[in-house]
Structures are given as structure tokens and as C-alpha cells.
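Asker: Quick one, data.cif (mmCIF, C-alpha atoms and all ligand atoms):
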```cif
data_coords
loop_
_atom_site.label_atom_id
_atom_site.label_comp_id
_atom_site.auth_asym_id
_atom_site.auth_seq_id
_atom_site.Cartn_x
_atom_site.Cartn_y
_atom_site.Cartn_z
CA MET S 159 98.53 70.18 130.16
CA ALA S 160 100.27 67.96 127.62
CA ALA S 161 98.97 68.39 124.09
CA SER S 162 96.78 65.54 122.86
CA TYR S 163 97.71 66.29 119.28
CA LEU S 164 100.73 66.67 117.04
CA TYR S 165 100.96 70.18 115.66
CA PHE S 166 101.88 70.43 111.99
CA ASP S 167 100.33 73.81 111.22
CA TRP S 168 103.12 76.25 112.13
CA ASN S 169 102.29 78.52 109.20
CA ALA S 170 98.87 79.21 110.73
CA THR S 171 100.43 80.17 114.02
CA ALA S 172 103.43 79.02 116.03
CA PRO S 173 103.48 77.72 119.60
CA PRO S 174 104.31 80.66 121.88
CA LEU S 175 107.91 81.01 123.01
CA PRO S 176 107.86 80.70 126.83
CA GLU S 177 110.28 83.62 127.19
CA ALA S 178 108.00 85.80 125.03
CA THR S 179 104.93 84.84 127.06
CA ASP S 180 106.84 85.60 130.28
CA ALA S 181 107.97 88.98 128.96
CA ALA S 182 104.40 89.86 127.92
CA ARG S 183 103.01 88.80 131.30
CA ASP S 184 105.69 90.73 133.21
CA ALA S 185 105.09 93.84 131.09
CA ALA S 186 101.31 93.55 131.54
CA ARG S 187 101.87 93.60 135.30
CA SER S 188 104.58 96.25 135.47
CA TYR S 189 104.13 98.51 132.44
CA TRP S 190 100.37 98.92 132.24
CA GLY S 191 100.44 102.68 131.76
CA ASN S 192 99.18 104.20 128.54
CA PRO S 193 102.31 104.45 126.36
CA SER S 194 101.06 107.82 125.07
CA SER S 195 100.77 109.34 128.57
CA VAL S 196 103.49 111.81 129.44
CA HIS S 197 103.78 110.82 133.12
CA ALA S 198 106.08 108.18 134.61
CA ALA S 199 103.64 105.26 134.17
CA GLY S 200 103.20 106.18 130.50
CA ARG S 201 106.91 106.70 129.93
CA GLU S 202 107.73 103.25 131.33
CA ALA S 203 105.22 101.62 128.96
CA TRP S 204 106.47 103.76 126.08
CA ALA S 205 110.03 102.54 126.70
CA VAL S 206 108.85 98.96 126.05
CA VAL S 207 107.15 100.02 122.81
CA GLU S 208 110.19 102.01 121.74
CA ARG S 209 112.49 99.05 122.32
CA LEU S 210 110.35 96.94 119.98
CA GLN S 211 110.35 99.67 117.33
CA GLN S 212 114.14 99.77 117.53
CA THR S 213 114.49 95.99 117.27
CA LEU S 214 112.16 95.94 114.25
CA ALA S 215 113.97 98.86 112.61
CA GLN S 216 117.32 97.16 113.12
CA THR S 217 116.02 93.84 111.78
CA VAL S 218 114.83 95.39 108.52
CA GLY S 219 117.29 98.29 108.20
CA VAL S 220 114.92 101.26 108.41
CA ASP S 221 114.68 104.28 110.69
CA PRO S 222 112.81 103.49 113.97
CA ARG S 223 110.43 106.37 113.11
CA ASP S 224 109.39 104.41 110.04
CA VAL S 225 107.92 101.56 112.07
CA LEU S 226 104.20 101.36 112.72
CA LEU S 227 102.89 98.85 115.24
CA THR S 228 99.61 97.29 114.13
CA SER S 229 97.20 94.61 115.29
CA GLY S 230 98.90 92.15 112.95
CA ALA S 231 99.87 91.68 109.35
CA THR S 232 96.29 91.94 108.08
CA GLU S 233 96.21 95.54 109.27
CA ALA S 234 99.77 96.17 108.06
CA ASN S 235 98.89 94.93 104.54
CA ASN S 236 95.67 96.96 104.52
CA THR S 237 97.48 100.10 105.68
CA ALA S 238 100.12 99.71 102.99
CA LEU S 239 97.71 99.03 100.14
CA ARG S 240 94.34 100.69 100.71
CA SER S 241 95.52 104.04 99.34
CA ALA S 242 97.37 102.64 96.28
CA GLN S 243 96.66 104.56 93.08
CA ALA S 244 97.23 101.38 91.05
CA LEU S 245 98.15 97.88 92.18
CA VAL S 246 99.99 94.89 90.76
CA THR S 247 99.60 91.65 92.68
CA SER S 248 98.61 88.00 92.25
CA ARG S 249 96.20 85.34 93.48
CA LEU S 250 99.11 83.82 95.41
CA GLU S 251 98.79 86.46 98.10
CA HIS S 252 97.20 86.20 101.53
CA PRO S 253 93.53 87.26 101.69
CA SER S 254 94.59 90.47 103.47
CA VAL S 255 96.16 91.50 100.14
CA VAL S 256 93.79 89.80 97.66
CA ARG S 257 90.67 91.26 99.32
CA VAL S 258 92.19 94.76 99.30
CA ALA S 259 93.02 94.39 95.60
CA GLU S 260 89.45 93.29 94.86
CA HIS S 261 88.11 96.23 96.88
CA LEU S 262 90.32 98.70 95.01
CA ALA S 263 89.28 97.25 91.65
CA LYS S 264 85.61 97.58 92.60
CA ASN S 265 86.28 101.24 93.33
CA GLY S 266 87.77 101.95 89.94
CA ILE S 267 91.48 101.62 90.81
CA ALA S 268 93.61 99.85 88.21
CA VAL S 269 94.58 96.41 89.51
CA VAL S 270 96.74 94.08 87.42
CA TRP S 271 96.71 90.40 88.42
CA LEU S 272 100.02 88.76 87.60
CA GLU S 273 99.94 85.46 85.77
CA VAL S 274 100.66 82.65 88.22
CA PRO S 275 103.05 79.97 86.89
CA ALA S 276 102.34 76.33 87.81
CA ASP S 277 105.43 76.25 90.04
CA GLY S 278 104.17 79.20 92.10
CA ARG S 279 107.16 81.47 91.56
CA LEU S 280 106.33 84.83 90.01
CA GLY S 281 108.20 86.00 86.93
CA VAL S 282 110.13 89.25 87.19
CA SER S 283 109.38 90.13 83.57
CA ALA S 284 105.65 89.73 84.26
CA VAL S 285 105.96 92.43 86.93
CA ARG S 286 107.84 94.68 84.49
CA SER S 287 105.12 94.27 81.83
CA ALA S 288 102.34 94.79 84.37
CA LEU S 289 103.83 98.11 85.46
CA ALA S 290 104.13 99.45 81.93
CA GLY S 291 101.34 101.93 81.36
CA LEU S 292 100.15 102.10 84.98
CA PRO S 293 99.78 105.56 86.52
CA ALA S 294 102.40 107.00 88.89
CA GLY S 295 101.93 105.88 92.48
CA ALA S 296 101.46 102.23 91.51
CA VAL S 297 102.30 99.63 94.14
CA VAL S 298 103.43 96.05 93.60
CA ALA S 299 102.42 93.68 96.42
CA VAL S 300 104.15 90.35 96.81
CA SER S 301 104.77 87.94 99.68
CA ALA S 302 108.38 86.94 100.18
CA VAL S 303 107.50 83.37 101.22
CA ASN S 304 104.12 81.95 100.29
CA HIS S 305 102.00 80.99 103.28
CA GLU S 306 100.60 77.84 101.65
CA THR S 307 103.43 76.42 99.54
CA GLY S 308 106.53 77.97 101.13
CA ILE S 309 107.69 79.19 97.70
CA ILE S 310 110.29 81.96 97.96
CA GLN S 311 109.60 84.81 95.53
CA PRO S 312 112.39 86.77 93.78
CA VAL S 313 111.80 89.88 95.94
CA ALA S 314 115.13 91.63 95.30
CA GLU S 315 114.69 91.30 91.52
CA ILE S 316 111.07 92.45 91.71
CA ALA S 317 112.19 95.43 93.84
CA GLU S 318 114.63 96.42 91.14
CA VAL S 319 112.13 96.40 88.24
CA THR S 320 109.52 98.08 90.43
CA ARG S 321 111.82 100.98 91.29
CA ARG S 322 112.95 101.33 87.69
CA ALA S 323 109.29 101.80 86.77
CA GLY S 324 108.90 104.50 89.45
CA ALA S 325 106.54 102.34 91.51
CA ARG S 326 106.74 101.08 95.12
CA LEU S 327 107.09 97.50 96.31
CA HIS S 328 105.14 96.23 99.31
CA VAL S 329 106.45 92.95 100.73
CA ASP S 330 104.36 90.71 102.95
CA ALA S 331 107.25 89.15 104.86
CA VAL S 332 105.14 87.39 107.49
CA GLN S 333 106.27 83.88 106.54
CA ALA S 334 109.84 84.95 105.78
CA LEU S 335 110.80 86.67 109.04
CA GLY S 336 113.13 84.44 111.05
CA LYS S 337 112.91 81.68 108.42
CA VAL S 338 115.01 82.95 105.50
CA SER S 339 117.81 85.47 105.17
CA VAL S 340 116.74 89.10 105.52
CA GLU S 341 118.19 89.90 102.06
CA LEU S 342 115.42 87.75 100.58
CA TRP S 343 112.63 90.01 101.84
CA ALA S 344 113.82 93.33 103.23
CA SER S 345 114.21 95.27 99.98
CA GLY S 346 110.59 96.40 99.88
CA ASP S 347 109.53 100.03 100.17
CA SER S 348 107.11 98.75 102.78
CA ILE S 349 107.13 95.49 104.71
CA ALA S 350 104.44 93.72 106.76
CA LEU S 351 105.33 91.46 109.70
CA ALA S 352 103.39 89.51 112.33
CA SER S 353 104.49 88.49 115.81
CA HIS S 354 102.58 85.22 116.19
CA LYS S 355 104.31 83.49 113.27
CA ILE S 356 107.63 83.78 115.11
CA ARG S 357 106.24 82.56 118.45
CA GLY S 358 105.37 86.00 119.82
CA PRO S 359 101.93 87.10 121.04
CA LYS S 360 98.96 87.35 118.69
CA GLY S 361 97.32 90.69 117.97
CA ILE S 362 100.51 92.60 117.17
CA GLY S 363 102.39 93.12 113.94
CA ALA S 364 104.19 95.90 112.14
CA LEU S 365 104.44 97.89 108.96
CA LEU S 366 107.88 99.31 108.14
CA TRP S 367 108.68 101.58 105.22
CA ARG S 368 111.22 103.60 103.33
CA GLY S 369 110.26 106.96 101.91
CA ALA S 370 106.65 108.12 102.00
CA SER S 371 104.67 107.38 105.20
CA PRO S 372 101.55 105.23 104.87
CA VAL S 373 98.08 106.78 104.86
CA PRO S 374 96.30 106.06 108.18
CA LEU S 375 93.40 103.60 108.07
CA LEU S 376 91.76 104.70 111.32
CA LEU S 377 90.41 108.04 112.49
CA GLY S 378 91.13 108.83 116.11
CA GLY S 379 93.95 109.91 118.39
CA ASP S 380 97.43 110.98 117.36
CA GLN S 381 99.22 107.85 118.54
CA GLN S 382 102.23 106.72 116.51
CA ARG S 383 102.70 110.21 115.04
CA GLY S 384 99.14 110.30 113.80
CA LEU S 385 99.59 107.23 111.61
CA ARG S 386 97.60 104.77 113.68
CA ALA S 387 95.05 105.81 116.26
CA GLY S 388 94.54 103.63 119.32
CA THR S 389 96.25 102.79 122.60
CA LEU S 390 99.32 100.63 122.17
CA ASP S 391 99.75 97.37 124.11
CA ALA S 392 103.14 97.38 125.84
CA ALA S 393 102.64 93.76 126.97
CA ALA S 394 102.27 92.49 123.40
CA ALA S 395 105.18 94.70 122.37
CA ALA S 396 107.41 93.13 125.04
CA GLY S 397 106.54 89.62 123.83
CA PHE S 398 107.06 90.49 120.16
CA ASP S 399 110.47 91.98 121.00
CA VAL S 400 111.62 88.79 122.73
CA ALA S 401 110.30 86.64 119.85
CA LEU S 402 112.19 88.80 117.35
CA ARG S 403 115.42 88.43 119.28
CA HIS S 404 114.89 84.67 119.45
CA ALA S 405 114.29 84.55 115.68
CA ALA S 406 117.43 86.61 115.07
CA ALA S 407 119.50 84.22 117.21
CA GLY S 408 119.76 81.31 114.76
CA GLY S 409 116.16 81.14 113.53
CA ILE S 410 117.18 80.83 109.90
CA ASP S 411 119.49 77.88 110.66
CA ARG S 412 116.87 76.17 112.83
CA TYR S 413 114.31 76.36 110.02
CA ALA S 414 116.77 75.39 107.27
CA ALA S 415 117.62 72.29 109.32
CA LEU S 416 114.03 71.07 109.00
CA GLY S 417 114.53 70.08 105.34
CA PRO S 418 115.20 66.39 106.08
CA LEU S 419 111.99 66.15 108.15
CA ARG S 420 109.93 67.78 105.37
CA ASP S 421 111.61 65.50 102.80
CA ARG S 422 110.83 62.46 104.96
CA ILE S 423 107.12 63.32 104.82
CA GLU S 424 107.19 63.88 101.06
CA LYS S 425 109.10 60.64 100.41
CA ALA S 426 106.66 58.65 102.53
CA VAL S 427 103.65 59.76 100.49
CA VAL S 428 105.12 59.23 97.01
CA GLY S 429 102.42 57.60 94.85
CA LEU S 430 99.66 58.85 97.16
CA CYS S 431 100.22 62.61 97.03
CA GLN S 432 101.73 65.16 94.68
CA VAL S 433 103.90 67.98 95.97
CA ASN S 434 102.92 71.47 94.83
CA GLY S 435 105.37 74.23 93.96
CA SER S 436 108.89 74.77 92.74
CA PRO S 437 111.21 72.33 94.57
CA GLN S 438 114.19 74.65 94.06
CA HIS S 439 112.71 77.80 95.55
CA ARG S 440 111.04 76.98 98.79
CA VAL S 441 111.57 77.04 102.52
CA ALA S 442 112.45 73.80 104.28
CA HIS S 443 109.59 73.55 106.75
CA VAL S 444 106.46 73.54 104.55
CA THR S 445 104.97 71.13 102.07
CA SER S 446 101.78 71.52 100.06
CA LEU S 447 100.43 68.05 99.24
CA SER S 448 97.58 67.11 96.94
CA ALA S 449 96.12 63.74 97.93
CA MET S 450 94.40 62.45 94.84
CA GLY S 451 90.95 61.06 95.50
CA TRP S 452 90.56 63.13 98.66
CA ARG S 453 88.82 66.37 99.43
CA SER S 454 91.02 68.56 101.59
CA ASP S 455 88.32 69.19 104.20
CA GLU S 456 87.80 65.43 104.62
CA LEU S 457 91.51 64.75 104.90
CA VAL S 458 92.08 67.60 107.36
CA ALA S 459 89.19 66.25 109.45
CA ALA S 460 90.40 62.62 109.26
CA LEU S 461 93.88 63.69 110.38
CA ASP S 462 92.42 65.84 113.14
CA LEU S 463 90.41 62.88 114.44
CA ALA S 464 93.66 60.92 114.53
CA GLY S 465 95.39 63.71 116.48
CA ILE S 466 97.31 65.47 113.70
CA CYS S 467 96.77 69.21 113.11
CA VAL S 468 97.28 70.31 109.49
CA SER S 469 95.34 72.73 107.31
CA SER S 470 94.05 73.04 103.79
CA GLY S 471 95.99 76.30 103.62
CA SER S 472 93.00 78.49 104.23
CA ALA S 473 90.75 78.50 107.28
CA CYS S 474 87.82 80.85 106.72
CA SER S 475 86.37 82.94 109.51
CA ALA S 476 83.62 80.42 110.24
CA GLY S 477 86.30 77.82 110.97
CA SER S 478 85.40 75.71 107.95
CA VAL S 479 88.00 74.32 105.57
CA GLN S 480 88.20 75.90 102.11
CA PRO S 481 90.24 74.68 99.12
CA SER S 482 93.57 76.45 98.79
CA PRO S 483 93.21 79.58 96.60
CA VAL S 484 96.97 79.57 96.11
CA VAL S 485 97.09 76.05 94.66
CA ALA S 486 93.97 76.85 92.63
CA ALA S 487 95.84 79.79 91.06
CA MET S 488 98.88 77.59 90.34
CA LEU S 489 97.35 74.30 89.29
CA GLY S 490 93.59 74.69 89.04
CA PRO S 491 90.60 74.14 91.31
CA GLU S 492 90.62 70.34 91.13
CA ARG S 493 94.15 70.08 92.43
CA ALA S 494 93.38 72.70 95.10
CA ALA S 495 90.33 70.74 96.26
CA SER S 496 92.57 67.86 97.36
CA THR S 497 95.38 69.91 98.92
CA ILE S 498 96.61 70.04 102.48
CA ARG S 499 99.43 72.13 103.93
CA VAL S 500 101.84 70.51 106.36
CA SER S 501 104.05 73.04 108.14
CA ILE S 502 106.55 72.15 110.83
CA GLY S 503 108.71 74.30 113.08
CA GLU S 504 111.73 74.55 115.29
CA LEU S 505 110.22 72.32 118.01
CA THR S 506 109.18 69.50 115.65
CA LYS S 507 110.94 66.21 116.45
CA LEU S 508 111.79 63.27 114.19
CA GLY S 509 109.62 60.95 116.32
CA GLU S 510 106.60 63.21 115.85
CA VAL S 511 107.15 63.29 112.11
CA ASP S 512 107.34 59.49 111.99
CA GLU S 513 104.19 59.21 114.08
CA ALA S 514 102.37 61.63 111.76
CA ILE S 515 103.62 59.79 108.68
CA ALA S 516 102.28 56.48 110.03
CA VAL S 517 98.85 58.04 110.62
CA LEU S 518 98.84 59.80 107.25
CA LEU S 519 99.73 56.60 105.40
CA ARG S 520 97.12 54.60 107.28
CA ILE S 521 94.43 57.12 106.35
CA LEU S 522 95.53 57.59 102.74
CA ARG S 523 95.87 53.83 102.09
CA ARG S 524 92.58 52.97 103.75
CA HIS S 525 90.87 55.45 101.50
CA ALA S 526 92.78 54.29 98.41
CA GLY S 527 91.58 50.74 99.13
CA LEU S 528 87.98 51.89 99.20
CA ARG S 529 88.15 53.47 95.75
C1 LIG D 601 101.53 85.67 104.41
C2 LIG D 601 100.59 86.18 105.45
N1 LIG D 601 100.22 87.46 105.42
C3 LIG D 601 99.38 87.99 106.34
C4 LIG D 601 98.86 87.21 107.34
C5 LIG D 601 97.92 87.83 108.34
O1 LIG D 601 98.56 87.97 109.56
P1 LIG D 601 97.76 88.31 110.90
O2 LIG D 601 97.18 87.01 111.35
O3 LIG D 601 98.78 88.83 111.83
O4 LIG D 601 96.73 89.32 110.60
C6 LIG D 601 99.22 85.86 107.42
C7 LIG D 601 98.64 84.99 108.45
O5 LIG D 601 98.23 83.88 108.18
C8 LIG D 601 100.10 85.33 106.45
O6 LIG D 601 100.47 84.05 106.45
#
```
Spell out the structure here as C-alpha cells.
Answerer:
Amino acid sequence: MAASYLYFDWNATAPPLPEATDAARDAARSYWGNPSSVHAAGREAWAVVERLQQTLAQTVGVDPRDVLLTSGATEANNTALRSAQALVTSRLEHPSVVRVAEHLAKNGIAVVWLEVPADGRLGVSAVRSALAGLPAGAVVAVSAVNHETGIIQPVAEIAEVTRRAGARLHVDAVQALGKVSVELWASGDSIALASHKIRGPKGIGALLWRGASPVPLLLGGDQQRGLRAGTLDAAAAAGFDVALRHAAAGGIDRYAALGPLRDRIEKAVVGLCQVNGSPQHRVAHVTSLSAMGWRSDELVAALDLAGICVSSGSACSAGSVQPSPVVAAMLGPERAASTIRVSIGELTKLGEVDEAIAVLLRILRRHAGLR
């Protein structure tokens, strides 16, 4: 069925790669054994899981034994952070980090919230100061590429000051994998990844680490060397593996090449929208736009009615549209209340961008005329 909409919300999830879907379907049919079973059916399924662990380990540069498959990045972030003895993070992070930090703070763990600059790029010296005086076992949690603004954080520099302070760095690299060079995100002591952002299946992600193993979140069987109880899904693993290989084969170039399309959108809305975030330090396929005089939920809905899928940056579990907490942290609640996120991807065509621009301008100008 041909889509009746134009999809400009790649940061929420990416259209599945047909080869990944095929691999997952084939594995679901052929390798349905329990990967933990010792018999032939189990061993076949385990081989699929093991191949994914090896691909992930190779991608990041860790030992394949230091790869945990999870249900996604939410679980990977939770696993990495729930047992922190002290935490340094910021309001720029995904809710799967922010909520954990709030939970830890409620339970008496020291949590330091980094100051968020207006351009959305964290300061390395702020991390250094935050770590001073924190107990041993502190963890710094930072996303390599912000999910709402596309801002690239100085991960390698943060890794350096974190290690000097004897702490560990956890990197949420969900929006960085396959989009920017691995050197920009792989220096963490632990790293969270998700399959569906790189066109693999949903419901699978990974936590990779160097040094100490994570503390398990779940009580149950001894799967994954006792670090994560529960039967593994070889079908999802097969799809994730194919998506990773696709991302490794030129993904960074394909995403970097989207800059002119993103710029075309931003140029078209000059005078109607403001662009949020540091222009020098961001990926090429995302723009965070504040449309003055609009509420983001109204604009998202108006665009949806006209066949354009974008987001406000944060879709809550009830499916309603919330103002962007990231832009609120950078530029205040008023600016956040009028913000939408437009994120494109490797399948986005110039013609689609021009069609979306025409619709966006029609809606923005109509509204401007009414005010
Ligand atoms: C930066 C970031 N971290 C974590 C997540 C959560 O990933 P998952 O949907 O796999 O749980 C997302 C998904 O939106 C994300 O963008």
C-alpha cells in the first residue's frame, strides 16, 4: 500500500529496511528454537544471536562478551544507570535517562544536573566541575546526538574528563549510530543502541561496555551470562544485524548528504520559524523549528491533516503531543511550546521536501494572516 503521507519523523523511528525485514522473517521461520537451548534447534538460533553480538562488538570496538541484547535503548539506558552510585546528566537527555535520574534522586542518590547552554551543546568544564566532590562510582550520562535538535555533544572530551575523575561515562548513541563517525560516540564506558532508528526491527537494542559488567535489571533465568533474564528473539537479532551492516556500508555519507535538504527547509521558513541549537555542531538530517504564534501540538496536527508527519520532539505514552523538554531546557518553556522537530532520512527525496515546504508555508502563512 502506498503511503498517504510524507514521513519527516525519522528520529522517532525509521522506515524498515526491506532486507532487514526479510532477514527477520526468514529467521522467524527457520531459527525459532530457544537460543539458550543446547540442542540443534537452539544452537541454530543462538548462531544468529551470536552473529549480531559480533557485529555490534566490531562496530563499537568491544569484546563480544561485553554486549547485552535488550528490548531497546530504554532498557539499555536503564540497565546502565539504575545502579549508579552518583549521576551527572542533563535535561537534554531522552526520558529513559531523565526518568532514571529523577528516580535515583528520589531514592537519595546524588544527581547533578548539568547546566544546559542555549545552543544545546554541553560544556566539558561543566562536567569536570559536576564530578568534583561526587563519590566514587559516579556515572556521567550523555547522548552523543540529541534526539530532538540533532546537536552533537563533545563525547570524546567528556570521556576524558570523566575518566580523569575516576568516573564512568554512559553514552546514549541511539541517534548517532550510522549517522555520524563512530569516533564521535564510541568512547563511552557503556553505550546504548537501538535497532529501529537504523531501519532494523523494533523491540531490540543493545548495551555494550568496557570494564565492569552492568547490574541486571530483571530477576529470572541465566540468559546472556546472567545479565539479562528472558528468551532472546533470533528473528529480531537477524534483522538488527542486517540493519547494522547497511548502516556501516555508507550510512554516515548518506546522512551527511541530507544537509542541503535540511537547509532548504530552514531557508524556506526564515521569518516564520526560528531554528534551535548550535548550527556548527549538529547532524545534517534534523531541524528543530520554533514557529512563533503556534502551539506545537496544533502545528503537528495541522501538518498531519495535510499529510506531513513531524513531531514536537516528544510523544507521550498516551499519544498526545507534549512541548519539547529539550528545547525547554535550552531556551525556555515558551520557545518549547511552539517547537516541532523535522527529521529526514536516507530515503527522503528533494520532491518530497519541496512538497512538505509548500504545505508548511501554506499553513504557517495562513495562521500568520489570522493573527
Ligand atoms: C536518544 C534516544 N535514546 C533512547 C531512546 C529509546 O529507544 P527505544 O525506543 O529503543 O527504547 C530513543 C528513542 O526515541 C532515543 O531517541
Asker: Which is closest to ligand LIG 601 (chain D) among S:Glu513, S:Asp399, S:Asp277, S:Glu251, if we use all atoms listed in the file?
Answerer: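 Among the listed residues, S:Glu251 lies closest to ligand LIG 601 (chain D).
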Asker: Using all atoms listed in the file, find each residue in chain S having at least one atom no more than 8 Å away from ligand LIG 601 (chain D); report its shortest atom-to-atom pair and that distance in Å (one decimal), rows by chain then rising number, as JSON lines.
Answerer:
```
{"residue": "S:Asn169", "atom": "CA", "partner": "D:LIG601", "partner_atom": "O6", "distance": 6.4}
{"residue": "S:Ala170", "atom": "CA", "partner": "D:LIG601", "partner_atom": "O5", "distance": 5.4}
{"residue": "S:Thr171", "atom": "CA", "partner": "D:LIG601", "partner_atom": "O5", "distance": 7.3}
{"residue": "S:Ser229", "atom": "CA", "partner": "D:LIG601", "partner_atom": "O3", "distance": 6.9}
{"residue": "S:Gly230", "atom": "CA", "partner": "D:LIG601", "partner_atom": "O3", "distance": 3.5}
{"residue": "S:Ala231", "atom": "CA", "partner": "D:LIG601", "partner_atom": "O3", "distance": 3.9}
{"residue": "S:Thr232", "atom": "CA", "partner": "D:LIG601", "partner_atom": "O4", "distance": 3.7}
{"residue": "S:Glu233", "atom": "CA", "partner": "D:LIG601", "partner_atom": "O4", "distance": 6.4}
{"residue": "S:Ala234", "atom": "CA", "partner": "D:LIG601", "partner_atom": "O4", "distance": 7.9}
{"residue": "S:Asn235", "atom": "CA", "partner": "D:LIG601", "partner_atom": "C3", "distance": 7.2}
{"residue": "S:Glu251", "atom": "CA", "partner": "D:LIG601", "partner_atom": "C1", "distance": 6.9}
{"residue": "S:His252", "atom": "CA", "partner": "D:LIG601", "partner_atom": "N1", "distance": 5.1}
{"residue": "S:Pro253", "atom": "CA", "partner": "D:LIG601", "partner_atom": "C3", "distance": 7.5}
{"residue": "S:Ser254", "atom": "CA", "partner": "D:LIG601", "partner_atom": "C3", "distance": 6.1}
{"residue": "S:Val255", "atom": "CA", "partner": "D:LIG601", "partner_atom": "N1", "distance": 7.8}
{"residue": "S:Ser301", "atom": "CA", "partner": "D:LIG601", "partner_atom": "C1", "distance": 6.2}
{"residue": "S:Val303", "atom": "CA", "partner": "D:LIG601", "partner_atom": "C1", "distance": 7.1}
{"residue": "S:Asn304", "atom": "CA", "partner": "D:LIG601", "partner_atom": "C1", "distance": 6.1}
{"residue": "S:His305", "atom": "CA", "partner": "D:LIG601", "partner_atom": "O6", "distance": 4.7}
{"residue": "S:Glu306", "atom": "CA", "partner": "D:LIG601", "partner_atom": "O6", "distance": 7.8}
{"residue": "S:Asp330", "atom": "CA", "partner": "D:LIG601", "partner_atom": "N1", "distance": 5.8}
{"residue": "S:Ala331", "atom": "CA", "partner": "D:LIG601", "partner_atom": "C1", "distance": 6.7}
{"residue": "S:Val332", "atom": "CA", "partner": "D:LIG601", "partner_atom": "C1", "distance": 5.0}
{"residue": "S:Gln333", "atom": "CA", "partner": "D:LIG601", "partner_atom": "C1", "distance": 5.5}
{"residue": "S:Ala350", "atom": "CA", "partner": "D:LIG601", "partner_atom": "C3", "distance": 7.7}
{"residue": "S:Leu351", "atom": "CA", "partner": "D:LIG601", "partner_atom": "O3", "distance": 7.4}
{"residue": "S:Ala352", "atom": "CA", "partner": "D:LIG601", "partner_atom": "O3", "distance": 4.7}
{"residue": "S:Ser353", "atom": "CA", "partner": "D:LIG601", "partner_atom": "O3", "distance": 7.0}
{"residue": "S:His354", "atom": "CA", "partner": "D:LIG601", "partner_atom": "O3", "distance": 6.8}
{"residue": "S:Lys355", "atom": "CA", "partner": "D:LIG601", "partner_atom": "C7", "distance": 7.6}
{"residue": "S:Lys360", "atom": "CA", "partner": "D:LIG601", "partner_atom": "O3", "distance": 7.0}
{"residue": "S:Gly361", "atom": "CA", "partner": "D:LIG601", "partner_atom": "O3", "distance": 6.6}
{"residue": "S:Ile362", "atom": "CA", "partner": "D:LIG601", "partner_atom": "O3", "distance": 6.8}
{"residue": "S:Gly363", "atom": "CA", "partner": "D:LIG601", "partner_atom": "O3", "distance": 6.0}
```
Asker: Could you tell me which of S:Phe398, S:Trp367, S:Tyr413, S:Tyr189 comes closest to Leu210 in chain S if we count all atoms listed in the file?
Answerer: S:Phe398
Asker: With only C-alpha atoms as the basis for distance, which of S:Arg523, S:Arg440, S:His261, S:Arg321 is at the shortest distance from Val427 in chain S?
Answerer: S:Arg523
Asker: Here is a test: counting all atoms listed in the file, which residue of S:Leu390, S:Val444, S:Ala263, S:Val270 is nearest to Glu208 in chain S?
Answerer: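 Among the listed residues, S:Leu390 lies closest to Glu208 in chain S.
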Asker: Residues at most 9 Å from range 368-378 of chain S, counting only C-alpha atoms, excluding those fewer than 5 positions away in the same chain, as a PyMOL selection string?
Answerer: chain S and resi 220-221+224+233+236-241+346-348+384-388
Asker: S:Leu463, S:Val400, S:Leu164, S:Leu227: which is nearest Val511 in chain S, counting all atoms listed in the file?
Answerer: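 That would be S:Leu164, the residue with the smallest distance to Val511 in chain S.
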Asker: Measuring between all atoms listed in the file, which one of S:Leu250, S:Ile498, S:Ala284, S:Cys431 shows the shortest distance to Ala459 in chain S?
Answerer: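 Ranked by minimum distance to Ala459 in chain S, first place goes to S:Ile498.
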Asker: Please list as number ranges by chain every residue within 12 Å of Arg322 in chain S, counting all atoms listed in the file and excluding residues in the same chain fewer than 3 positions away.
Answerer: S: 285-286, 289-290, 315-319, 325-327
Asker: List every protein, DNA or RNA residue with an atom no more than 10 Å from (109.1, 83.0, 90.0) in the file's coordinates, counting all atoms listed in the file, and format the result as a VMD selection string.
Answerer: chain S and resid 274 to 284 309 to 313 316 436 439
Asker: Quick one: everything within 10 Å of Leu508 in chain S, counting all atoms listed in the file, minus sequence neighbours fewer than 3 positions away in the same chain. Send it as a list in words.
Answerer: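 Result of the neighbour search: Leu416, Pro418, Leu419, Arg422, Leu505, Val511, Asp512, Glu513 and Ala514 of chain S.
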Asker: Report as a tab-separated table (two decimals) with C-alpha atoms, in the coordinates of the input all protein, DNA and RNA residues lying within 10 Å of Ser194 in chain S, evaluated on only C-alpha atoms, omitting residues in the same chain fewer than 6 positions from it.
Answerer:
```
chain	number	residue	atom	x	y	z
S	200	GLY	CA	103.20	106.18	130.50
S	201	ARG	CA	106.91	106.70	129.93
S	203	ALA	CA	105.22	101.62	128.96
S	204	TRP	CA	106.47	103.76	126.08
S	379	GLY	CA	93.95	109.91	118.39
S	380	ASP	CA	97.43	110.98	117.36
S	381	GLN	CA	99.22	107.85	118.54
S	382	GLN	CA	102.23	106.72	116.51
S	388	GLY	CA	94.54	103.63	119.32
S	389	THR	CA	96.25	102.79	122.60
S	390	LEU	CA	99.32	100.63	122.17
```
Asker: Compile the contact shell of Gly295 in chain S as a list in words: residues with an atom at most 9 Å away, counting all atoms listed in the file, same-chain residues fewer than 6 positions apart removed.
Answerer: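 The neighbour list is Ala242, Gln243, Ala244, Leu245, Gly324, Ala325 and Arg326 of chain S.
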Asker: Would you put the residues from that selection into a file with C-alpha atoms, as a PDB file, in the frame of the given file?
Answerer:
```pdb
ATOM      1  CA  ALA S 242      97.370 102.640  96.280  1.00  0.00           C
ATOM      2  CA  GLN S 243      96.660 104.560  93.080  1.00  0.00           C
ATOM      3  CA  ALA S 244      97.230 101.380  91.050  1.00  0.00           C
ATOM      4  CA  LEU S 245      98.150  97.880  92.180  1.00  0.00           C
ATOM      5  CA  GLY S 324     108.900 104.500  89.450  1.00  0.00           C
ATOM      6  CA  ALA S 325     106.540 102.340  91.510  1.00  0.00           C
ATOM      7  CA  ARG S 326     106.740 101.080  95.120  1.00  0.00           C
TER       8      ARG S 326
END
```
Asker: Just to confirm, what's the straight-line distance from CA of Ala314 in chain S to CA of Leu366 in chain S in Å (one decimal)?
Answerer: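 Taking CA of Ala314 in chain S as the start and CA of Leu366 in chain S as the end point, the length is 16.6 Å.
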Asker: Give me, please, the distance in Å between CA of Arg249 in chain S and CA of Gln480 in chain S, quoted to one decimal.
Answerer: 15.1 Å
Asker: Which residues, protein or nucleic acid, reach to within 9 Å of (102.5, 68.4, 110.1) in the file's coordinates when using all atoms listed in the file, and can you give that as a ChimeraX atom specification?
Answerer: /S:164-168,420,423,444-445,466-469,499-502,506,510-511,514-515
Asker: Could you please determine the separation between CA of Pro359 in chain S and CA of Thr179 in chain S in Å, to one decimal place?
Answerer: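 So the two atoms, CA of Pro359 in chain S and CA of Thr179 in chain S, lie 7.1 Å apart.
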